[in-house]
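Colleague: Mind having a look at this structure? Questions to follow.
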Amino acid sequence: MGTRNEEVERRFYAGDQDALRWVVETYQNAFYRMGWRFFGRGADAQDFAQDVFVHAFERRERYDPARPLKPWLFTVAANLGREHLRRNKHREISAGDDLPETGVAPEAETQMEGEERRNRVMHLLQQLHPRYQEVLAMRFESGLSLAETAQALRLPLGTVKSRLSRGLEAFHSAYQRQERSGAHE
Amino acid sequence: MNEHREIIAQLADRAADRLSPEAAARLKCHLENCPQCREQARRFMQSYQTLEKVLEDMTSPSLFAGVKARLEHPEPRRAFVGLRPAWAGITVLSVVLVFSALMSRPGITTEQVLQDYSEDVQTLWEGGTADAENAWLPSEWSETTGLESSGSTLENII
């Protein structure tokens, strides 16, 4: 995710549009992935990611420019995400969301397999307990270190480590179960 | 037990090349001598690599133009996507309630009902206070959201 760019962070705080562009281009993939996990569709994921940037920019006076911008941005995203999870506890998302229609040409099969795999993995992530989901998301969707994850989620580092470990264990079990059931079909 | 947990937690940093050489050496030594952690580490790395591989292929389209447009022309009372269906429901319900109440008054015409409703809405959204707006919301919507500021309310989310 790169090192800190203090000059850009100061300009972002001051409301500079070029700094905003830098921030959006640097973090859009992370928030898009996060949104995809919440909503299961590219268009909504895009909307969510835009919400994070708009929300952060409009409330940038709450950011302390003496500190790194990245964890603050991810705190904003995590809070919007938690809000979404709280409101959509029972939402079911089809593992087939966003898959291409049938009738795909053979040369596109590899891409389709990749998308299927992505959908299955994202679906499994959605099934995990939110406390594991958000730690795994910070680590894998956003590329934050464990210390940055702890800072963004406002949790002790030890808690983040333990949730990461348990979350990966839970993901592994679910993934293995799915692989086995797929092999038996 | 805590030592084992700490070792497994270090794998994430190890996989991302964020572990110091000394810590990496300690980790390697522990895994060589602990079959339990070795097996857990194998599962951990399998999951880690699966997630890393799948997610690195997911890239966003360029979002800056959309973000800029939304900052320059903010939509009134825009909420993130999860709230939209709820707002739509409240709007429909409010229309039905206002019409039911007004139509029950004797001698009133449809034009008068529409005029009254239009004025009510105008007052609420433009001249109304935040309290008046929140009076439309279910009570749990007015709770704090757990955002970074202790003063966070629904207003901060939207």
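Ordering of the structure tokens sets the chain letters (A, B, ...); residue numbers start at 1 within each chain; ligands are numbered from 1 in the order shown.
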Set out as CSV a contact list for chain A and chain B with a cut-off of 8 Å, giving each residue of chain A that qualifies its closest atom pair and distance in Å to one decimal, counting only C-alpha atoms, ordered by chain and rising residue number.
Modeller:
```
residue,atom,partner,partner_atom,distance
A:Arg21,CA,B:Phe64,CA,6.0
A:Val24,CA,B:Phe64,CA,6.0
A:Glu25,CA,B:Phe64,CA,7.1
A:Gln28,CA,B:Ser60,CA,6.3
A:Asn29,CA,B:Ser60,CA,5.0
A:Tyr32,CA,B:Ser60,CA,5.8
A:Arg33,CA,B:Met58,CA,6.7
A:Asp44,CA,B:Val81,CA,7.0
A:Gln46,CA,B:Ser60,CA,7.2
A:Asp47,CA,B:Val81,CA,7.2
A:Phe48,CA,B:Phe80,CA,6.5
A:Gln50,CA,B:Val67,CA,5.6
A:Asp51,CA,B:Phe80,CA,6.4
A:Phe53,CA,B:Val67,CA,6.9
A:Val54,CA,B:Val67,CA,6.2
A:His55,CA,B:Ile157,CA,7.5
A:Glu58,CA,B:Leu71,CA,7.9
A:Thr75,CA,B:Glu148,CA,7.3
A:Val76,CA,B:Glu148,CA,7.4
A:Asn79,CA,B:Leu147,CA,5.6
A:Leu80,CA,B:Ile157,CA,7.4
A:Glu83,CA,B:Thr145,CA,6.9
A:His84,CA,B:Gly82,CA,6.2
A:Arg87,CA,B:Gly82,CA,7.6
A:Asn88,CA,B:Gly82,CA,7.8
A:Gly114,CA,B:Val54,CA,7.9
A:Arg117,CA,B:Val54,CA,7.4
A:Arg118,CA,B:Val54,CA,5.5
A:Val121,CA,B:Leu51,CA,7.4
A:Phe140,CA,B:Glu52,CA,6.0
A:Glu141,CA,B:Leu55,CA,6.2
A:Ser145,CA,B:Asp13,CA,7.4
A:Leu146,CA,B:Asp13,CA,7.6
A:Lys161,CA,B:Ala9,CA,5.2
A:Ser162,CA,B:Ala9,CA,6.8
A:Leu164,CA,B:Ala9,CA,7.1
A:Ser165,CA,B:Ala9,CA,5.9
A:Leu168,CA,B:Phe44,CA,6.1
A:Glu169,CA,B:Phe44,CA,6.6
A:Phe171,CA,B:Ser47,CA,6.9
A:His172,CA,B:Ser47,CA,5.6
```
Colleague: Taking 5 positions as the minimum chain separation for residues in the same chain, which residues sit within 9 Å of Ala170 (chain A) when counting only C-alpha atoms? Answer as a list of chain:residue names.
Modeller: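 Within the cut-off, the hits are A:Leu128, A:Tyr132, A:Ser165, A:Tyr175.
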Colleague: Give me a file of those residues, with C-alpha atoms, as an mmCIF file, in the first residue's frame.
Modeller:
```
data_model
loop_
_atom_site.group_PDB
_atom_site.id
_atom_site.type_symbol
_atom_site.label_atom_id
_atom_site.label_comp_id
_atom_site.auth_asym_id
_atom_site.auth_seq_id
_atom_site.Cartn_x
_atom_site.Cartn_y
_atom_site.Cartn_z
ATOM 1 C CA LEU A 128 -18.109 -15.571 8.474
ATOM 2 C CA TYR A 132 -13.663 -12.120 11.530
ATOM 3 C CA SER A 165 -6.008 -16.557 12.966
ATOM 4 C CA TYR A 175 -13.584 -23.630 1.828
#
```
Colleague: Could you check which of A:Arg86, A:Arg62, A:Leu155, A:Met34 is closest to Leu136 (chain A), using only C-alpha atoms?
Modeller: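 Selected residue with least distance to Leu136 (chain A): A:Met34.
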Colleague: Could you name the residues that touch Ala14 (chain A) at 12 Å or less, counting only C-alpha atoms, but leaving out those on the same chain fewer than 5 positions away, as number ranges by chain?
Modeller: A: 7-9, 19-20, 57-65
Colleague: What gap, in Å, lies between CA of Leu125 (chain A) and CA of Trp72 (chain A)?
Modeller: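 Computing the Euclidean distance for CA of Leu125 (chain A) and CA of Trp72 (chain A) yields 23.7 Å.
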Colleague: So the first atom is CA of Lys70 (chain A) and the second is CA of Val135 (chain A); what is the distance between them in Å, to one decimal place?
Modeller: 15.5 Å
Colleague: Please indicate the distance in Å from CA of Leu85 (chain A) to CA of Arg131 (chain A), rounded to one decimal place.
Modeller: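 Going from CA of Leu85 (chain A) over to CA of Arg131 (chain A) covers 10.8 Å.
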Colleague: Pull the alpha helix (DSSP H) assignments for chain A out of DSSP run on the backbone, and list those residues as a ChimeraX atom specification.
Modeller: /A:6-14,17-39,42-58,69-87,109-127,130-136,146-153,157-184
